[in-house]
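Have a look at target32.pdb; it's PDB, C-alpha atoms:
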ATOM      1  CA  MET D  87      16.454   9.962  11.556
ATOM      2  CA  ILE D  88      19.029  12.175  13.248
ATOM      3  CA  LEU D  89      22.791  11.732  12.943
ATOM      4  CA  ALA D  90      24.980  12.929  15.815
ATOM      5  CA  LEU D  91      28.776  13.232  15.898
ATOM      6  CA  ALA D  92      30.177  12.764  19.381
ATOM      7  CA  GLY D  93      33.058  11.931  21.652
ATOM      8  CA  GLY D  94      33.845  12.496  25.304
ATOM      9  CA  VAL D  95      31.585  13.327  28.230
ATOM     10  CA  GLY D  96      29.739  16.364  26.835
ATOM     11  CA  GLY D  97      29.010  14.621  23.569
ATOM     12  CA  ALA D  98      27.786  11.526  25.390
ATOM     13  CA  LYS D  99      25.419  13.585  27.550
ATOM     14  CA  LEU D 100      23.715  15.247  24.583
ATOM     15  CA  ALA D 101      23.625  11.934  22.709
ATOM     16  CA  ALA D 102      21.778  10.457  25.700
ATOM     17  CA  GLY D 103      19.325  13.349  25.651
ATOM     18  CA  LEU D 104      18.703  12.824  21.948
ATOM     19  CA  ALA D 105      18.330   9.075  22.465
ATOM     20  CA  ARG D 106      15.729   9.673  25.146
ATOM     21  CA  LEU D 107      13.600  11.478  22.550
ATOM     22  CA  LEU D 108      14.472   9.535  19.398
ATOM     23  CA  GLY D 109      15.307   5.980  20.449
ATOM     24  CA  ALA D 110      16.205   3.891  17.419
ATOM     25  CA  ASP D 111      15.835   6.935  15.135
ATOM     26  CA  LEU D 112      19.221   8.217  16.346
ATOM     27  CA  THR D 113      22.610   7.232  14.948
ATOM     28  CA  VAL D 114      25.618   8.369  16.988
ATOM     29  CA  VAL D 115      28.955   8.370  15.177
ATOM     30  CA  VAL D 116      31.763   8.251  17.724
ATOM     31  CA  ASN D 117      35.407   9.253  17.553
ATOM     32  CA  THR D 118      37.876   6.358  17.617
ATOM     33  CA  GLY D 119      41.066   8.399  17.268
ATOM     34  CA  ASP D 120      41.708   7.854  20.980
ATOM     35  CA  ASP D 121      41.495   4.040  20.711
ATOM     36  CA  PHE D 122      44.650   2.219  21.717
ATOM     37  CA  GLU D 123      46.139  -1.116  22.755
ATOM     38  CA  HIS D 124      46.758  -1.430  26.496
ATOM     39  CA  LEU D 125      47.682  -4.509  28.531
ATOM     40  CA  GLY D 126      47.019  -6.551  25.408
ATOM     41  CA  LEU D 127      43.462  -5.211  25.100
ATOM     42  CA  ARG D 128      41.727  -2.965  22.562
ATOM     43  CA  ILE D 129      40.439   0.073  24.460
ATOM     44  CA  SER D 130      37.854   2.403  22.859
ATOM     45  CA  PRO D 131      37.350   5.163  25.461
ATOM     46  CA  ASP D 132      34.936   7.422  23.562
ATOM     47  CA  LEU D 133      32.828   4.539  22.284
ATOM     48  CA  ASP D 134      32.556   3.211  25.830
ATOM     49  CA  THR D 135      31.690   6.610  27.316
ATOM     50  CA  VAL D 136      28.854   7.038  24.807
ATOM     51  CA  MET D 137      27.698   3.443  25.179
ATOM     52  CA  TYR D 138      27.680   3.508  28.988
ATOM     53  CA  THR D 139      25.909   6.890  29.072
ATOM     54  CA  LEU D 140      23.169   5.802  26.664
ATOM     55  CA  ALA D 141      22.741   2.609  28.684
ATOM     56  CA  GLY D 142      22.370   4.627  31.915
ATOM     57  CA  LEU D 143      25.369   2.806  33.404
ATOM     58  CA  ASN D 144      27.911   5.643  33.417
ATOM     59  CA  ASN D 145      29.619   7.061  36.482
ATOM     60  CA  THR D 146      28.071  10.525  36.698
ATOM     61  CA  GLN D 147      30.689  11.711  39.174
ATOM     62  CA  THR D 148      33.754  11.089  37.006
ATOM     63  CA  GLY D 149      32.025  11.323  33.628
ATOM     64  CA  TRP D 150      33.853   8.173  32.490
ATOM     65  CA  GLY D 151      33.648   4.520  33.440
ATOM     66  CA  LEU D 152      30.829   2.614  35.074
ATOM     67  CA  ALA D 153      28.786   3.449  38.154
ATOM     68  CA  GLY D 154      29.466   1.168  41.115
ATOM     69  CA  GLU D 155      32.798   0.058  39.666
ATOM     70  CA  THR D 156      35.288  -2.012  41.685
ATOM     71  CA  TRP D 157      39.072  -2.029  41.289
ATOM     72  CA  SER D 158      40.429  -5.429  42.374
ATOM     73  CA  PHE D 159      42.165  -5.936  39.025
ATOM     74  CA  MET D 160      44.027  -2.621  39.238
ATOM     75  CA  ASP D 161      44.933  -3.236  42.871
ATOM     76  CA  MET D 162      46.602  -6.506  41.908
ATOM     77  CA  MET D 163      48.285  -4.877  38.906
ATOM     78  CA  GLU D 164      49.801  -2.299  41.229
ATOM     79  CA  ARG D 165      50.976  -5.031  43.595
ATOM     80  CA  LEU D 166      52.642  -6.806  40.678
ATOM     81  CA  GLY D 167      54.344  -3.622  39.500
ATOM     82  CA  GLY D 168      52.282  -3.402  36.297
ATOM     83  CA  GLU D 169      51.090  -0.282  34.471
ATOM     84  CA  THR D 170      48.298   1.449  36.365
ATOM     85  CA  TRP D 171      48.234   4.933  34.824
ATOM     86  CA  PHE D 172      45.176   4.016  32.724
ATOM     87  CA  ARG D 173      42.538   2.732  35.119
ATOM     88  CA  LEU D 174      40.471  -0.286  34.061
ATOM     89  CA  GLY D 175      37.660  -1.181  36.441
ATOM     90  CA  ASP D 176      36.622  -4.801  37.001
ATOM     91  CA  HIS D 177      33.307  -4.480  35.131
ATOM     92  CA  ASP D 178      34.762  -2.207  32.462
ATOM     93  CA  LEU D 179      37.467  -4.826  31.899
ATOM     94  CA  ALA D 180      34.861  -7.312  30.659
ATOM     95  CA  ILE D 181      33.958  -4.942  27.798
ATOM     96  CA  HIS D 182      37.589  -4.663  26.714
ATOM     97  CA  VAL D 183      38.187  -8.410  26.911
ATOM     98  CA  GLU D 184      35.071  -9.192  24.868
ATOM     99  CA  ARG D 185      35.837  -6.480  22.295
ATOM    100  CA  THR D 186      39.414  -7.733  21.912
ATOM    101  CA  ARG D 187      38.266 -11.348  21.558
ATOM    102  CA  ARG D 188      35.732 -10.559  18.869
ATOM    103  CA  LEU D 189      38.095  -8.322  16.917
ATOM    104  CA  ALA D 190      40.735 -11.055  17.023
ATOM    105  CA  ASN D 191      38.138 -13.415  15.529
ATOM    106  CA  GLY D 192      37.762 -11.116  12.538
ATOM    107  CA  GLU D 193      34.681  -9.061  13.441
ATOM    108  CA  ALA D 194      34.626  -5.381  12.518
ATOM    109  CA  LEU D 195      34.530  -2.790  15.282
ATOM    110  CA  SER D 196      31.084  -1.664  14.056
ATOM    111  CA  SER D 197      29.691  -5.173  14.470
ATOM    112  CA  VAL D 198      31.276  -5.614  17.899
ATOM    113  CA  THR D 199      29.937  -2.246  19.083
ATOM    114  CA  ALA D 200      26.420  -3.077  17.870
ATOM    115  CA  ALA D 201      26.484  -6.388  19.745
ATOM    116  CA  LEU D 202      27.712  -4.763  22.969
ATOM    117  CA  CYS D 203      25.069  -2.034  22.738
ATOM    118  CA  GLU D 204      22.323  -4.603  22.229
ATOM    119  CA  ARG D 205      23.461  -6.506  25.325
ATOM    120  CA  LEU D 206      23.464  -3.275  27.361
ATOM    121  CA  GLY D 207      19.997  -2.247  26.169
ATOM    122  CA  VAL D 208      21.021   0.745  24.057
ATOM    123  CA  LYS D 209      18.265   1.508  21.524
ATOM    124  CA  ALA D 210      20.074   4.152  19.477
ATOM    125  CA  ARG D 211      22.617   3.008  16.912
ATOM    126  CA  VAL D 212      26.127   3.723  18.190
ATOM    127  CA  VAL D 213      28.796   3.346  15.508
ATOM    128  CA  PRO D 214      32.529   3.977  15.313
ATOM    129  CA  MET D 215      33.561   6.657  12.836
ATOM    130  CA  SER D 216      35.571   4.025  10.944
ATOM    131  CA  ASP D 217      36.416   0.346  11.131
ATOM    132  CA  ASP D 218      39.923   1.233   9.975
ATOM    133  CA  PRO D 219      42.532   2.245  12.565
ATOM    134  CA  VAL D 220      43.013   5.978  13.120
ATOM    135  CA  ARG D 221      45.246   7.213  15.916
ATOM    136  CA  THR D 222      45.421  10.755  17.276
ATOM    137  CA  ILE D 223      49.040  11.840  17.719
ATOM    138  CA  VAL D 224      49.716  15.009  19.704
ATOM    139  CA  HIS D 225      52.772  17.094  18.793
ATOM    140  CA  THR D 226      53.813  18.934  21.961
ATOM    141  CA  ASP D 227      56.685  20.998  23.298
ATOM    142  CA  GLU D 228      58.054  17.671  24.565
ATOM    143  CA  GLY D 229      57.763  15.895  21.220
ATOM    144  CA  GLU D 230      55.072  13.589  19.847
ATOM    145  CA  LEU D 231      52.827  11.753  22.284
ATOM    146  CA  ALA D 232      50.232   9.061  21.659
ATOM    147  CA  PHE D 233      46.857  10.494  22.594
ATOM    148  CA  GLN D 234      46.223   8.624  25.851
ATOM    149  CA  HIS D 235      49.744   9.367  27.064
ATOM    150  CA  TYR D 236      49.013  13.071  26.498
ATOM    151  CA  PHE D 237      45.444  13.018  27.770
ATOM    152  CA  VAL D 238      45.493  10.570  30.685
ATOM    153  CA  ARG D 239      49.106   9.887  31.635
ATOM    154  CA  ARG D 240      50.231  13.532  31.335
ATOM    155  CA  HIS D 241      46.833  15.149  32.103
ATOM    156  CA  CYS D 242      47.159  17.390  29.006
ATOM    157  CA  GLU D 243      50.007  19.272  30.685
ATOM    158  CA  PRO D 244      52.429  19.474  27.699
ATOM    159  CA  ILE D 245      51.835  22.427  25.383
ATOM    160  CA  LEU D 246      50.018  21.271  22.256
ATOM    161  CA  LYS D 247      51.599  22.407  19.004
ATOM    162  CA  SER D 248      49.565  20.447  16.473
ATOM    163  CA  LEU D 249      47.570  17.255  15.950
ATOM    164  CA  ARG D 250      48.041  14.426  13.499
ATOM    165  CA  PHE D 251      45.404  11.778  12.813
ATOM    166  CA  GLU D 252      47.499   8.836  11.736
ATOM    167  CA  GLY D 253      45.747   6.680   9.154
ATOM    168  CA  ALA D 254      42.816   9.052   8.621
ATOM    169  CA  GLU D 255      43.705   9.829   5.014
ATOM    170  CA  HIS D 256      43.231   6.152   4.128
ATOM    171  CA  ALA D 257      40.393   5.303   6.536
ATOM    172  CA  SER D 258      36.892   4.892   5.150
ATOM    173  CA  LEU D 259      33.750   5.928   6.959
ATOM    174  CA  SER D 260      32.167   2.986   8.744
ATOM    175  CA  ALA D 261      29.359   1.464   6.707
ATOM    176  CA  TRP D 262      26.645   2.726   9.068
ATOM    177  CA  PHE D 263      28.127   6.239   9.144
ATOM    178  CA  SER D 264      28.129   6.306   5.357
ATOM    179  CA  ALA D 265      24.619   4.869   5.163
ATOM    180  CA  ALA D 266      23.292   7.454   7.621
ATOM    181  CA  LEU D 267      24.608  10.305   5.461
ATOM    182  CA  ASP D 268      22.837   8.834   2.426
ATOM    183  CA  ASP D 269      19.627   7.867   4.236
ATOM    184  CA  PRO D 270      16.652   9.664   2.594
ATOM    185  CA  SER D 271      14.992   9.862   6.022
ATOM    186  CA  LEU D 272      17.890  11.878   7.496
ATOM    187  CA  GLN D 273      16.344  15.023   8.975
ATOM    188  CA  GLY D 274      19.348  16.618  10.612
ATOM    189  CA  ILE D 275      22.930  16.371  11.801
ATOM    190  CA  VAL D 276      24.080  17.385  15.285
ATOM    191  CA  ILE D 277      27.689  18.053  16.215
ATOM    192  CA  CYS D 278      27.563  17.452  19.942
ATOM    193  CA  PRO D 279      29.402  19.655  22.482
ATOM    194  CA  SER D 280      32.554  17.574  22.170
ATOM    195  CA  ASN D 281      36.112  18.841  21.965
ATOM    196  CA  PRO D 282      36.348  20.161  18.379
ATOM    197  CA  TYR D 283      40.030  19.222  18.108
ATOM    198  CA  LEU D 284      40.298  15.905  19.952
ATOM    199  CA  SER D 285      36.837  14.392  19.426
ATOM    200  CA  ILE D 286      35.294  15.912  16.287
ATOM    201  CA  GLY D 287      38.592  16.609  14.499
ATOM    202  CA  PRO D 288      39.403  12.915  13.921
ATOM    203  CA  ILE D 289      35.941  12.318  12.435
ATOM    204  CA  LEU D 290      36.309  15.229  10.020
ATOM    205  CA  ALA D 291      39.809  14.044   9.084
ATOM    206  CA  LEU D 292      38.495  10.779   7.628
ATOM    207  CA  LYS D 293      38.731  10.342   3.894
ATOM    208  CA  ASP D 294      35.625  11.959   2.321
ATOM    209  CA  ALA D 295      34.009  12.829   5.690
ATOM    210  CA  GLU D 296      34.229  16.603   5.465
ATOM    211  CA  ARG D 297      33.398  16.625   1.755
ATOM    212  CA  ARG D 298      30.250  14.592   2.312
ATOM    213  CA  LEU D 299      29.187  16.663   5.312
ATOM    214  CA  ARG D 300      29.563  19.833   3.258
ATOM    215  CA  LYS D 301      27.305  18.305   0.589
ATOM    216  CA  ARG D 302      24.693  17.341   3.200
ATOM    217  CA  ARG D 303      21.035  17.300   2.188
ATOM    218  CA  ALA D 304      19.796  17.839   5.744
ATOM    219  CA  PRO D 305      20.471  20.832   8.025
ATOM    220  CA  ALA D 306      23.292  20.608  10.552
ATOM    221  CA  VAL D 307      23.812  22.337  13.886
ATOM    222  CA  ALA D 308      26.595  22.329  16.465
ATOM    223  CA  VAL D 309      26.358  22.862  20.214
ATOM    224  CA  SER D 310      29.198  24.843  21.736
ATOM    225  CA  PRO D 311      31.440  22.971  24.185
ATOM    226  CA  ILE D 312      32.812  26.339  25.347
ATOM    227  CA  ILE D 313      30.883  28.573  27.744
ATOM    228  CA  ALA D 314      32.136  32.056  28.607
ATOM    229  CA  GLY D 315      35.586  31.197  27.305
ATOM    230  CA  SER D 316      35.977  27.983  29.298
ATOM    231  CA  ALA D 317      35.271  24.293  28.788
ATOM    232  CA  LEU D 318      33.086  22.626  31.405
ATOM    233  CA  LYS D 319      35.329  19.568  31.201
ATOM    234  CA  GLY D 320      38.485  18.797  29.277
ATOM    235  CA  PRO D 321      41.235  20.838  27.632
ATOM    236  CA  ALA D 322      39.397  22.490  24.717
ATOM    237  CA  ALA D 323      39.999  26.063  25.911
ATOM    238  CA  LYS D 324      43.645  25.296  26.771
ATOM    239  CA  ILE D 325      44.196  23.830  23.300
ATOM    240  CA  MET D 326      42.606  26.829  21.602
ATOM    241  CA  GLN D 327      44.923  29.154  23.461
ATOM    242  CA  GLU D 328      47.991  27.059  22.641
ATOM    243  CA  LEU D 329      47.011  27.074  18.952
ATOM    244  CA  GLY D 330      46.881  30.859  19.006
ATOM    245  CA  LYS D 331      43.089  31.085  18.955
ATOM    246  CA  THR D 332      40.824  33.045  21.275
ATOM    247  CA  PRO D 333      39.047  30.551  23.550
ATOM    248  CA  GLY D 334      35.346  31.008  23.009
ATOM    249  CA  ALA D 335      32.176  29.773  21.384
ATOM    250  CA  ALA D 336      32.583  32.051  18.359
ATOM    251  CA  GLU D 337      35.921  30.435  17.495
ATOM    252  CA  VAL D 338      34.295  26.985  17.664
ATOM    253  CA  ALA D 339      31.466  28.108  15.372
ATOM    254  CA  ARG D 340      33.912  29.533  12.821
ATOM    255  CA  GLY D 341      35.919  26.322  12.916
ATOM    256  CA  TYR D 342      32.809  24.508  11.665
ATOM    257  CA  ARG D 343      32.211  27.025   8.860
ATOM    258  CA  GLY D 344      30.570  25.331   5.887
ATOM    259  CA  LEU D 345      29.652  22.265   7.928
ATOM    260  CA  ILE D 346      26.768  23.726   9.926
ATOM    261  CA  ASP D 347      23.708  25.887   9.386
ATOM    262  CA  GLY D 348      22.979  26.629  13.039
ATOM    263  CA  PHE D 349      24.886  27.043  16.290
ATOM    264  CA  VAL D 350      23.722  26.653  19.881
ATOM    265  CA  LEU D 351      25.140  29.100  22.428
ATOM    266  CA  ASP D 352      24.847  29.009  26.177
ATOM    267  CA  GLU D 353      22.959  31.881  27.823
ATOM    268  CA  GLN D 354      26.272  33.172  29.172
ATOM    269  CA  ASP D 355      27.373  33.778  25.564
ATOM    270  CA  ALA D 356      24.158  35.440  24.407
ATOM    271  CA  GLY D 357      26.145  38.484  23.332
ATOM    272  CA  LEU D 358      27.717  36.470  20.504
ATOM    273  CA  ALA D 359      24.401  35.638  18.835
ATOM    274  CA  ARG D 360      24.145  38.788  16.725
ATOM    275  CA  GLU D 361      27.786  38.479  15.612
ATOM    276  CA  LEU D 362      27.358  34.884  14.448
ATOM    277  CA  SER D 363      23.981  35.596  12.866
ATOM    278  CA  ALA D 364      25.631  38.325  10.796
ATOM    279  CA  GLU D 365      28.037  35.655   9.518
ATOM    280  CA  GLY D 366      25.130  33.571   8.223
ATOM    281  CA  LEU D 367      24.538  31.169  11.112
ATOM    282  CA  ARG D 368      21.140  30.676  12.708
ATOM    283  CA  THR D 369      21.770  30.854  16.435
ATOM    284  CA  LEU D 370      19.924  29.482  19.431
ATOM    285  CA  VAL D 371      20.652  30.816  22.912
ATOM    286  CA  THR D 372      19.664  28.464  25.710
ATOM    287  CA  GLU D 373      20.896  26.714  28.844
ATOM    288  CA  THR D 374      23.470  24.185  27.607
ATOM    289  CA  ILE D 375      24.828  22.848  30.910
ATOM    290  CA  MET D 376      23.516  19.289  31.241
ATOM    291  CA  ARG D 377      23.391  18.535  34.963
ATOM    292  CA  ASP D 378      21.294  15.374  34.632
ATOM    293  CA  THR D 379      19.373  13.293  32.112
ATOM    294  CA  ALA D 380      16.346  15.570  32.299
ATOM    295  CA  SER D 381      18.306  18.723  31.425
ATOM    296  CA  ALA D 382      20.097  16.818  28.642
ATOM    297  CA  ALA D 383      16.710  15.890  27.175
ATOM    298  CA  VAL D 384      15.536  19.518  27.374
ATOM    299  CA  LEU D 385      18.620  20.684  25.474
ATOM    300  CA  ALA D 386      18.147  17.876  22.951
ATOM    301  CA  GLU D 387      14.531  18.958  22.392
ATOM    302  CA  ARG D 388      15.637  22.524  21.671
ATOM    303  CA  VAL D 389      18.369  21.350  19.315
ATOM    304  CA  LEU D 390      15.839  19.237  17.405
ATOM    305  CA  ALA D 391      13.471  22.230  17.209
ATOM    306  CA  LEU D 392      16.270  24.304  15.677
ATOM    307  CA  LEU D 393      16.936  21.574  13.132
ATOM    308  CA  SER D 394      13.237  21.440  12.289
ATOM    309  CA  ASP D 395      13.129  25.208  11.748
ATOM    310  CA  LEU D 396      16.194  25.051   9.512
ATOM    311  CA  GLY D 397      14.619  22.253   7.499
ATOM    312  CA  HIS D 398      11.565  24.283   6.546
TER     313      HIS D 398
END
When written as structure tokens, how does the structure in this file appear?
Amino acid sequence: MILALAGGVGGAKLAAGLARLLGADLTVVVNTGDDFEHLGLRISPDLDTVMYTLAGLNNTQTGWGLAGETWSFMDMMERLGGETWFRLGDHDLAIHVERTRRLANGEALSSVTAALCERLGVKARVVPMSDDPVRTIVHTDEGELAFQHYFVRRHCEPILKSLRFEGAEHASLSAWFSAALDDPSLQGIVICPSNPYLSIGPILALKDAERRLRKRRAPAVAVSPIIAGSALKGPAAKIMQELGKTPGAAEVARGYRGLIDGFVLDEQDAGLARELSAEGLRTLVTETIMRDTASAAVLAERVLALLSDLGH
């Protein structure tokens, strides 16, 4: 069994590659720090991105949402003068309505997610990082912003000063996340190429999460979301710069110090391999840009080979 930590488009792509090889032997723990209430509905953007991608239903052009989506609901919302800054497609809306209904009836987010994945034909186990509420709050030069207001409404334009994961100190790992860490068949942990601050940071902020990952019995590797100093998608490099860090794969690797045994670099960053190896990390240099499902599976195969080598 392989455990992957993910969030966002890059994380979802590698998770899909791993799922193609592992099927039900993969557990994907997904960030829920960006969950929020909108138009009376519970929205779980990262969970949905991972779920849609593993189901083969994702919009490959935008990286988020569903392929073939229609927008009649949003068109009417605009006509009525409602909030339209966060776009909810007609088919996507059904997921949010069903999730909200089941949560209101007392089901845990883990249970709801499992049921939705089963309906969509997802074989891998996709689980929220916690069933307890955690909310990413972004402290900016304009004051504190709820995550989606920073990320979607303001397009990450305000300067980020710091992050706060509200509720994380009291939030427990979801039962399936905890069980995966203790599973005797666990052969490796993969930190997907997700934003280390916005997607992986909330997971690590959970009560006991980092401690238990540091005491892991299986090897762990991370795949860099930064290539040649830039992020393929999203604000990771911008955030690093605003936090006074040098945007680059080496900075990401050092941020995971103690949590990983190996690090995957893109070929464009091959020059960093010796430097990171000297710091005690096993490095793998390979093509990390996932242009389609086939290239995602190739990268996943190489990541699994690295884990296997580290395990021997």
For Pro214 in chain D, the closest of D:Gly344, D:Gly96, D:Gly357, D:Pro288 counting only C-alpha atoms is D:Pro288
Name every residue that the PyMOL selection byres ((chain D and resi 114) around 7) selects in this structure, writing the answer as JSON, numbers by chain with chains first and numbers rising.
-> {"D": [89, 90, 91, 92, 112, 113, 115, 116, 211, 212, 213]}
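Between CA of Ser381 in chain D and CA of Ala105 in chain D lies a distance of 13.2 Å.
Between CA of Leu174 in chain D and CA of His235 in chain D the separation is 15.1 Å.
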Quick one: apply the PyMOL selection byres ((chain D and resi 138) around 9) to the file and drop the selected residues here as a PyMOL selection string.
-> chain D and resi 98+133-137+139-145+150-152+203+206+208
